[in-house]
$ cat model.txt   # compact mmCIF, C-alpha atoms
# COMPACT_ATOMS: atom_id res chain seq x y z
CA MET A 1 -21.81 1.66 16.29
CA ARG A 2 -18.78 1.64 14.01
CA PHE A 3 -18.79 4.83 11.95
CA VAL A 4 -16.19 4.94 9.15
CA ILE A 5 -15.45 7.84 6.79
CA VAL A 6 -13.83 6.60 3.57
CA THR A 7 -11.91 9.27 1.69
CA GLY A 8 -8.66 9.80 -0.18
CA MET A 9 -7.31 10.37 -3.67
CA SER A 10 -9.67 9.95 -6.61
CA GLY A 11 -8.74 6.73 -8.39
CA ALA A 12 -7.14 5.14 -5.31
CA GLY A 13 -9.92 2.59 -4.82
CA LYS A 14 -12.62 4.23 -2.71
CA THR A 15 -15.46 2.69 -4.71
CA SER A 16 -13.97 -0.79 -4.33
CA VAL A 17 -13.50 -0.33 -0.60
CA LEU A 18 -17.11 0.78 -0.13
CA LYS A 19 -18.20 -2.35 -1.99
CA PHE A 20 -16.02 -4.52 0.27
CA LEU A 21 -17.48 -2.84 3.35
CA GLU A 22 -20.99 -3.37 2.04
CA ASP A 23 -20.19 -7.08 1.66
CA ILE A 24 -19.37 -7.27 5.38
CA ASN A 25 -22.69 -5.64 6.37
CA PHE A 26 -21.74 -1.98 6.49
CA PHE A 27 -24.50 0.47 5.55
CA CYS A 28 -22.70 2.46 2.83
CA VAL A 29 -23.43 5.89 1.39
CA ASP A 30 -21.19 7.44 -1.26
CA ASN A 31 -20.52 11.11 -2.02
CA LEU A 32 -22.43 12.51 0.95
CA PRO A 33 -21.80 16.28 1.34
CA PRO A 34 -19.86 16.80 4.61
CA ALA A 35 -22.43 19.35 5.80
CA LEU A 36 -25.02 16.55 5.99
CA LEU A 37 -22.76 14.23 7.97
CA PRO A 38 -23.89 15.29 11.51
CA LYS A 39 -27.56 14.84 10.67
CA PHE A 40 -26.86 11.49 9.05
CA ALA A 41 -24.86 10.34 12.10
CA GLU A 42 -27.69 11.42 14.37
CA LEU A 43 -30.23 9.42 12.36
CA CYS A 44 -28.02 6.32 12.46
CA TYR A 45 -27.48 6.50 16.22
CA GLU A 46 -31.23 6.94 16.77
CA GLN A 47 -31.85 3.50 15.23
CA GLU A 48 -30.99 1.96 18.63
CA GLY A 49 -28.80 -0.88 17.38
CA GLU A 50 -30.54 -1.55 14.07
CA ILE A 51 -27.57 -0.03 12.26
CA GLU A 52 -24.28 -1.16 13.75
CA ARG A 53 -21.86 -0.39 10.92
CA VAL A 54 -21.84 2.69 8.69
CA ALA A 55 -19.38 3.74 5.99
CA LEU A 56 -19.50 7.12 4.25
CA GLY A 57 -17.66 7.92 1.06
CA ILE A 58 -16.59 11.58 1.08
CA ASP A 59 -14.27 13.17 -1.48
CA ILE A 60 -13.56 16.32 -3.45
CA ARG A 61 -16.56 15.72 -5.73
CA GLY A 62 -18.44 17.67 -3.06
CA GLY A 63 -16.64 20.79 -4.29
CA LYS A 64 -16.50 23.69 -1.84
CA LEU A 65 -18.59 21.68 0.61
CA PHE A 66 -15.56 19.46 1.16
CA ASN A 67 -13.85 22.35 2.93
CA ASP A 68 -16.44 22.04 5.70
CA LEU A 69 -15.20 18.56 6.65
CA PHE A 70 -12.99 19.56 9.59
CA GLN A 71 -15.70 21.70 11.16
CA VAL A 72 -18.15 18.86 10.69
CA LEU A 73 -15.79 16.34 12.31
CA SER A 74 -15.31 18.71 15.23
CA ASN A 75 -19.09 18.91 15.66
CA LEU A 76 -19.33 15.12 15.68
CA GLN A 77 -16.77 14.89 18.46
CA GLU A 78 -18.60 17.51 20.51
CA LYS A 79 -21.78 15.43 20.27
CA GLY A 80 -19.93 12.30 21.40
CA TYR A 81 -20.03 10.51 18.04
CA GLU A 82 -16.97 8.34 17.51
CA TYR A 83 -15.65 7.85 14.00
CA GLU A 84 -12.71 6.43 12.06
CA ILE A 85 -11.15 7.80 8.88
CA LEU A 86 -9.92 5.38 6.20
CA PHE A 87 -7.70 7.24 3.73
CA LEU A 88 -6.86 5.67 0.36
CA ASP A 89 -3.77 6.84 -1.46
CA ALA A 90 -1.65 5.93 -4.49
CA SER A 91 1.36 7.40 -6.28
CA ASP A 92 0.82 10.07 -8.93
CA GLU A 93 2.18 7.75 -11.62
CA VAL A 94 -0.29 4.99 -10.74
CA LEU A 95 -3.23 7.40 -10.56
CA ILE A 96 -2.38 8.87 -13.97
CA LYS A 97 -2.15 5.37 -15.45
CA ARG A 98 -5.53 4.40 -13.99
CA TYR A 99 -7.21 7.50 -15.38
CA LYS A 100 -5.76 6.91 -18.82
CA GLU A 101 -6.83 3.26 -18.81
CA THR A 102 -10.43 4.17 -17.90
CA ARG A 103 -10.43 7.29 -20.13
CA ARG A 104 -11.92 9.30 -17.31
CA SER A 105 -11.08 12.90 -16.47
CA HIS A 106 -9.98 13.94 -13.01
CA PRO A 107 -12.65 15.91 -11.06
CA LEU A 108 -10.26 18.85 -10.66
CA SER A 109 -8.67 18.80 -14.12
CA ARG A 110 -10.72 21.50 -15.80
CA ASN A 111 -8.01 22.15 -18.37
CA GLY A 112 -7.72 18.45 -19.15
CA SER A 113 -4.45 17.92 -17.23
CA ILE A 114 -4.80 14.83 -15.04
CA GLN A 115 -1.48 15.58 -13.34
CA GLU A 116 -2.57 19.09 -12.37
CA GLY A 117 -5.87 17.73 -11.01
CA ILE A 118 -3.99 15.21 -8.86
CA ARG A 119 -1.67 17.94 -7.56
CA LYS A 120 -4.63 20.11 -6.50
CA GLU A 121 -6.42 17.20 -4.88
CA ARG A 122 -3.34 16.10 -2.94
CA GLU A 123 -2.98 19.63 -1.59
CA MET A 124 -6.66 19.70 -0.54
CA LEU A 125 -6.41 16.34 1.21
CA LYS A 126 -3.07 16.71 3.02
CA ASP A 127 -4.67 17.78 6.33
CA VAL A 128 -7.30 15.05 6.15
CA LYS A 129 -4.57 12.46 5.66
CA THR A 130 -2.78 13.56 8.84
CA LYS A 131 -5.96 12.82 10.83
CA ALA A 132 -6.63 9.42 9.23
CA THR A 133 -7.06 6.36 11.44
CA TYR A 134 -5.94 4.08 8.62
CA ILE A 135 -3.95 4.86 5.47
CA ILE A 136 -3.84 2.29 2.69
CA ASP A 137 -1.57 2.88 -0.30
CA THR A 138 -3.04 0.96 -3.24
CA SER A 139 -0.21 1.68 -5.69
CA GLN A 140 1.24 -1.82 -5.67
CA ILE A 141 -1.54 -4.03 -4.31
CA LEU A 142 -4.09 -6.17 -6.12
CA THR A 143 -7.84 -5.89 -5.55
CA ARG A 144 -7.71 -9.20 -3.65
CA GLN A 145 -4.99 -7.85 -1.35
CA LEU A 146 -6.95 -4.67 -0.73
CA LYS A 147 -9.98 -6.74 0.29
CA GLU A 148 -7.79 -8.76 2.66
CA GLN A 149 -6.62 -5.55 4.32
CA ILE A 150 -10.20 -4.33 4.75
CA ASN A 151 -11.19 -7.65 6.31
CA ARG A 152 -8.15 -7.53 8.59
CA ILE A 153 -9.21 -4.14 9.95
CA PHE A 154 -13.00 -4.38 10.04
CA VAL A 155 -13.75 -8.11 10.39
CA GLU A 156 -10.80 -9.61 12.24
CA ASN A 157 -10.26 -6.36 14.21
CA GLN A 158 -6.51 -6.81 14.02
CA SER A 159 -4.19 -3.96 14.82
CA TYR A 160 -3.34 -2.20 11.58
CA GLU A 161 -0.10 -0.46 10.75
CA ASN A 162 -0.24 2.19 8.04
CA LEU A 163 2.82 0.76 6.33
CA VAL A 164 3.01 -1.25 3.12
CA ILE A 165 6.38 -3.00 2.76
CA THR A 166 7.53 -3.84 -0.77
CA ILE A 167 10.47 -6.23 -1.06
CA ARG A 168 12.01 -5.99 -4.50
CA SER A 169 14.86 -7.70 -6.32
CA PHE A 170 16.71 -5.82 -9.07
CA GLY A 171 19.83 -5.86 -11.23
CA PHE A 172 22.48 -3.20 -10.69
CA LYS A 173 23.28 -3.14 -14.40
CA TYR A 174 19.75 -1.83 -15.02
CA GLY A 175 19.98 0.80 -12.28
CA ILE A 176 18.70 1.07 -8.73
CA PRO A 177 14.87 1.51 -8.63
CA ALA A 178 14.20 5.20 -8.03
CA ASP A 179 11.62 4.67 -5.27
CA SER A 180 13.90 2.51 -3.09
CA ASP A 181 14.11 3.40 0.60
CA LEU A 182 16.63 0.73 1.57
CA VAL A 183 19.11 -0.83 -0.89
CA PHE A 184 21.18 -3.96 -0.24
CA ASP A 185 23.90 -5.33 -2.50
CA VAL A 186 24.26 -9.14 -2.55
CA ARG A 187 26.91 -9.29 -5.28
CA PHE A 188 29.36 -10.56 -2.64
CA LEU A 189 27.64 -13.97 -2.80
CA PRO A 190 28.74 -16.71 -5.25
CA ASN A 191 27.02 -16.22 -8.61
CA PRO A 192 24.90 -19.13 -10.00
CA PHE A 193 25.29 -17.59 -13.44
CA TYR A 194 28.65 -19.31 -13.73
CA ILE A 195 27.17 -22.74 -12.94
CA GLN A 196 26.10 -24.13 -16.32
CA GLU A 197 23.04 -26.03 -15.09
CA LEU A 198 21.83 -23.01 -13.07
CA LYS A 199 22.59 -20.26 -15.58
CA GLU A 200 19.21 -20.25 -17.34
CA MET A 201 17.21 -20.60 -14.09
CA THR A 202 16.19 -17.85 -11.66
CA GLY A 203 16.09 -17.44 -7.90
CA ASN A 204 12.50 -18.66 -8.03
CA ASP A 205 13.79 -22.12 -8.98
CA GLU A 206 14.68 -24.44 -6.10
CA PRO A 207 18.14 -25.48 -7.41
CA VAL A 208 19.23 -21.83 -7.58
CA SER A 209 17.80 -20.85 -4.20
CA SER A 210 19.36 -23.93 -2.57
CA TYR A 211 22.74 -23.09 -4.12
CA VAL A 212 22.66 -19.44 -2.99
CA MET A 213 21.37 -20.18 0.51
CA GLY A 214 23.79 -23.07 0.89
CA PHE A 215 26.61 -20.69 1.84
CA GLU A 216 27.15 -19.62 5.44
CA GLU A 217 27.48 -15.98 4.44
CA SER A 218 24.04 -16.09 2.82
CA GLN A 219 22.43 -17.40 6.01
CA THR A 220 24.31 -14.85 8.16
CA PHE A 221 23.36 -11.98 5.85
CA LEU A 222 19.69 -12.99 5.88
CA LYS A 223 19.61 -13.24 9.67
CA LYS A 224 21.16 -9.79 10.09
CA LEU A 225 18.91 -8.31 7.38
CA VAL A 226 15.72 -9.63 9.00
CA ASP A 227 16.88 -8.36 12.39
CA MET A 228 17.57 -4.87 11.02
CA VAL A 229 14.30 -4.62 9.05
CA GLU A 230 12.24 -5.72 12.06
CA PHE A 231 14.07 -3.08 14.13
CA LEU A 232 13.38 -0.35 11.57
CA ILE A 233 9.70 -1.07 10.82
CA PRO A 234 8.21 0.30 14.08
CA LEU A 235 10.46 3.35 13.82
CA TYR A 236 9.19 4.10 10.31
CA ILE A 237 5.60 3.63 11.52
CA LYS A 238 6.25 6.00 14.42
CA GLU A 239 7.45 8.65 11.96
CA GLY A 240 4.26 8.26 9.90
CA LYS A 241 5.78 6.54 6.89
CA ASN A 242 3.18 4.49 4.99
CA ASN A 243 5.23 2.94 2.18
CA LEU A 244 8.61 1.22 2.59
CA VAL A 245 10.50 -0.17 -0.42
CA ILE A 246 13.37 -2.56 0.33
CA SER A 247 15.45 -3.28 -2.78
CA ILE A 248 17.94 -6.14 -2.96
CA GLY A 249 20.29 -6.14 -5.94
CA CYS A 250 22.75 -8.41 -7.71
CA THR A 251 24.34 -8.01 -11.13
CA GLY A 252 21.43 -8.99 -13.36
CA GLY A 253 18.54 -9.24 -10.88
CA LYS A 254 17.95 -12.88 -11.78
CA HIS A 255 19.60 -15.23 -9.27
CA ARG A 256 21.03 -13.96 -5.97
CA SER A 257 18.80 -10.93 -5.45
CA VAL A 258 15.66 -12.93 -6.27
CA THR A 259 16.67 -15.65 -3.80
CA LEU A 260 17.35 -13.20 -0.96
CA ALA A 261 14.21 -11.15 -1.67
CA ASN A 262 12.15 -14.33 -1.48
CA ALA A 263 13.91 -15.33 1.74
CA LEU A 264 13.32 -11.94 3.38
CA TYR A 265 9.66 -11.99 2.34
CA ALA A 266 9.26 -15.47 3.84
CA SER A 267 10.94 -14.42 7.10
CA LEU A 268 8.77 -11.40 7.95
CA ASP A 269 5.43 -11.65 9.73
CA LYS A 270 2.67 -11.37 7.11
CA ASP A 271 -0.06 -11.29 9.76
CA LYS A 272 1.48 -8.21 11.30
CA HIS A 273 2.68 -6.36 8.20
CA THR A 274 1.35 -5.75 4.71
CA LEU A 275 4.03 -7.30 2.49
CA LEU A 276 4.45 -7.21 -1.28
CA LEU A 277 7.09 -9.09 -3.29
CA LYS A 278 8.32 -7.84 -6.68
CA HIS A 279 11.09 -9.06 -8.99
CA HIS A 280 11.94 -5.97 -11.01
CA ASP A 281 14.48 -7.27 -13.51
CA ILE A 282 14.11 -11.04 -13.44
CA GLU A 283 13.29 -11.25 -17.16
CA LYS A 284 15.68 -8.55 -18.39
CA ASP A 285 18.98 -10.41 -18.65
CA ALA A 286 20.38 -8.87 -21.82
CA ARG A 287 22.85 -11.71 -22.21
CA HIS A 288 19.97 -13.98 -23.26
CA LYS A 289 18.10 -11.54 -25.50
CA LYS A 290 18.00 -12.32 -29.17
$ encode --input "model.txt" --output "structure tokens"
Amino acid sequence: MRFVIVTGMSGAGKTSVLKFLEDINFFCVDNLPPALLPKFAELCYEQEGEIERVALGIDIRGGKLFNDLFQVLSNLQEKGYEYEILFLDASDEVLIKRYKETRRSHPLSRNGSIQEGIRKEREMLKDVKTKATYIIDTSQILTRQLKEQINRIFVENQSYENLVITIRSFGFKYGIPADSDLVFDVRFLPNPFYIQELKEMTGNDEPVSSYVMGFEESQTFLKKLVDMVEFLIPLYIKEGKNNLVISIGCTGGKHRSVTLANALYASLDKDKHTLLLKHHDIEKDARHKK
């Protein structure tokens, strides 16, 4: 029997994930107090094959009972029950935005401060996260992409790496994105901005991308970049990193950086890695603002 514990930060998508798991024939129970977990596991295993997939949603709504989780998990192991932990996470900024959009209060924000509630919850969950089988950061992914990840793990049984890779283009004149892990400057490449018929286009347009990639230095740079990123990815995974942001910049973030970000995204293995593509400043060119 596949026994999955779904936990993580409030607002990170646990309810959606339980729904996805239910759609693929998991027997799902939400907000079960950890103290009841061993008895529930025992009942499921006694069904002699009638229940083959179980998912339990456990979070800090259980209050003080949540502190019993590690003892409970230890008891499960002693009884020979195998389990997996799926941990859902998101950045503080994204969680705050989600709470404000839904007008909900955080379970731990007694004084009304969502940020303080998130801080307390993150502290409570830090040990659970270190023991997670899978970590999915939902900060930058769509609901459809989250469902694809769940299917990849629990339907296709593919190996899953707890690393979401965001490839982002940006313009140096607007500043380097603060959450960048790796930053590459492609301002050494010829600039389509000075080609009249390409000036108003972006790197998403074929004439611009063909122009930029038509230079030998562009092809050489891309080859070396892909080689380095593929070298670094398993090292980041080994160190436990679960979110990697690769930022590629040119002057305005409209032509060269967009082209190279698209090319890097196309060159990496999407079946092996979770990849996101963002163009941070593509519409910000101040030279064309009225």
$ closest_residue --input "model.txt" --among "A:Pro207, A:Tyr81, A:Leu260, A:Asp92" --to "Phe40 in chain A" --atoms "only C-alpha atoms"
A:Tyr81
$ residues_around --input "model.txt" --residues "Val17 in chain A" --least-positions-apart "6" --cutoff "8 Å" --atoms "all atoms listed in the file" --output "list in words"
Leu146, Lys147 and Ile150 of chain A
$ write_last_selection --input "model.txt" --atoms "C-alpha atoms" --output "PDB file, in the frame of the given file"
ATOM      1  CA  LEU A 146      -6.950  -4.670  -0.730  1.00  0.00           C
ATOM      2  CA  LYS A 147      -9.980  -6.740   0.290  1.00  0.00           C
ATOM      3  CA  ILE A 150     -10.200  -4.330   4.750  1.00  0.00           C
TER       4      ILE A 150
END
$ atom_distance --input "model.txt" --atom1 "CA of Asn242 in chain A" --atom2 "CA of Arg2 in chain A"
23.9 Å
$ closest_residue --input "model.txt" --among "A:Lys238, A:Leu264, A:Asn191, A:Thr274" --to "Leu225 in chain A" --atoms "only C-alpha atoms"
A:Leu264
$ atom_distance --input "model.txt" --atom1 "CA of Val258 in chain A" --atom2 "CA of Asn204 in chain A"
6.8 Å
$ closest_residue --input "model.txt" --among "A:Ala178, A:Leu275, A:Val72, A:Ala266" --to "Thr166 in chain A" --atoms "only C-alpha atoms"
A:Leu275
$ residues_around --input "model.txt" --residues "Leu232 in chain A" --least-positions-apart "5" --cutoff "12 Å" --atoms "only C-alpha atoms" --output "JSON, numbers by chain"
{"A": [163, 165, 181, 182, 225, 226, 227, 237, 238, 239, 241, 244, 246]}
$ write_last_selection --input "model.txt" --atoms "C-alpha atoms" --output "PDB file, in the coordinates of the input"
ATOM      1  CA  LEU A 163       2.820   0.760   6.330  1.00  0.00           C
ATOM      2  CA  ILE A 165       6.380  -3.000   2.760  1.00  0.00           C
ATOM      3  CA  ASP A 181      14.110   3.400   0.600  1.00  0.00           C
ATOM      4  CA  LEU A 182      16.630   0.730   1.570  1.00  0.00           C
ATOM      5  CA  LEU A 225      18.910  -8.310   7.380  1.00  0.00           C
ATOM      6  CA  VAL A 226      15.720  -9.630   9.000  1.00  0.00           C
ATOM      7  CA  ASP A 227      16.880  -8.360  12.390  1.00  0.00           C
ATOM      8  CA  ILE A 237       5.600   3.630  11.520  1.00  0.00           C
ATOM      9  CA  LYS A 238       6.250   6.000  14.420  1.00  0.00           C
ATOM     10  CA  GLU A 239       7.450   8.650  11.960  1.00  0.00           C
ATOM     11  CA  LYS A 241       5.780   6.540   6.890  1.00  0.00           C
ATOM     12  CA  LEU A 244       8.610   1.220   2.590  1.00  0.00           C
ATOM     13  CA  ILE A 246      13.370  -2.560   0.330  1.00  0.00           C
TER      14      ILE A 246
END
$ closest_residue --input "model.txt" --among "A:Lys120, A:His255, A:His106, A:Lys278" --to "Phe193 in chain A" --atoms "all atoms listed in the file"
A:His255
$ closest_residue --input "model.txt" --among "A:Phe87, A:Tyr236, A:Tyr265, A:Tyr174" --to "Tyr134 in chain A" --atoms "only C-alpha atoms"
A:Phe87
$ closest_residue --input "model.txt" --among "A:Pro190, A:Pro234, A:Gly240, A:Gly203" --to "Thr130 in chain A" --atoms "all atoms listed in the file"
A:Gly240
$ atom_distance --input "model.txt" --atom1 "CA of Ser10 in chain A" --atom2 "CA of Ala90 in chain A"
9.2 Å
$ residues_near_point --input "model.txt" --point "(-13.9, -4.2, 9.6)" --cutoff "10 Å" --atoms "all atoms listed in the file" --output "list in words"
Arg2, Val4, Phe20, Leu21, Ile24, Asn25, Phe26, Arg53, Gln149, Ile150, Asn151, Arg152, Ile153, Phe154, Val155, Glu156, Asn157 and Gln158 of chain A
$ write_last_selection --input "model.txt" --atoms "C-alpha atoms" --output "mmCIF file, in the coordinates of the input"
data_model
loop_
_atom_site.group_PDB
_atom_site.id
_atom_site.type_symbol
_atom_site.label_atom_id
_atom_site.label_comp_id
_atom_site.auth_asym_id
_atom_site.auth_seq_id
_atom_site.Cartn_x
_atom_site.Cartn_y
_atom_site.Cartn_z
ATOM 1 C CA ARG A 2 -18.780 1.640 14.010
ATOM 2 C CA VAL A 4 -16.190 4.940 9.150
ATOM 3 C CA PHE A 20 -16.020 -4.520 0.270
ATOM 4 C CA LEU A 21 -17.480 -2.840 3.350
ATOM 5 C CA ILE A 24 -19.370 -7.270 5.380
ATOM 6 C CA ASN A 25 -22.690 -5.640 6.370
ATOM 7 C CA PHE A 26 -21.740 -1.980 6.490
ATOM 8 C CA ARG A 53 -21.860 -0.390 10.920
ATOM 9 C CA GLN A 149 -6.620 -5.550 4.320
ATOM 10 C CA ILE A 150 -10.200 -4.330 4.750
ATOM 11 C CA ASN A 151 -11.190 -7.650 6.310
ATOM 12 C CA ARG A 152 -8.150 -7.530 8.590
ATOM 13 C CA ILE A 153 -9.210 -4.140 9.950
ATOM 14 C CA PHE A 154 -13.000 -4.380 10.040
ATOM 15 C CA VAL A 155 -13.750 -8.110 10.390
ATOM 16 C CA GLU A 156 -10.800 -9.610 12.240
ATOM 17 C CA ASN A 157 -10.260 -6.360 14.210
ATOM 18 C CA GLN A 158 -6.510 -6.810 14.020
#
$ axis_aligned_box --input "model.txt" --around "range 162-176 of chain A" --padding-each-side "5 Å" --output "lines of an AutoDock Vina configuration file"
center_x = 11.5
center_y = -2.8
center_z = -3.5
size_x = 33.5
size_y = 19.9
size_z = 33.1
$ residues_around --input "model.txt" --residues "Asp137 in chain A" --least-positions-apart "5" --cutoff "8 Å" --atoms "only C-alpha atoms" --output "ChimeraX atom specification"
/A:12,88-90,164,242-243
$ residues_around --input "model.txt" --residues "Ser91 in chain A" --least-positions-apart "3" --cutoff "10 Å" --atoms "only C-alpha atoms" --output "list in words"
Met9, Ala12, Val94, Leu95, Ile96, Ile118, Asp137, Thr138, Ser139 and Gln140 of chain A
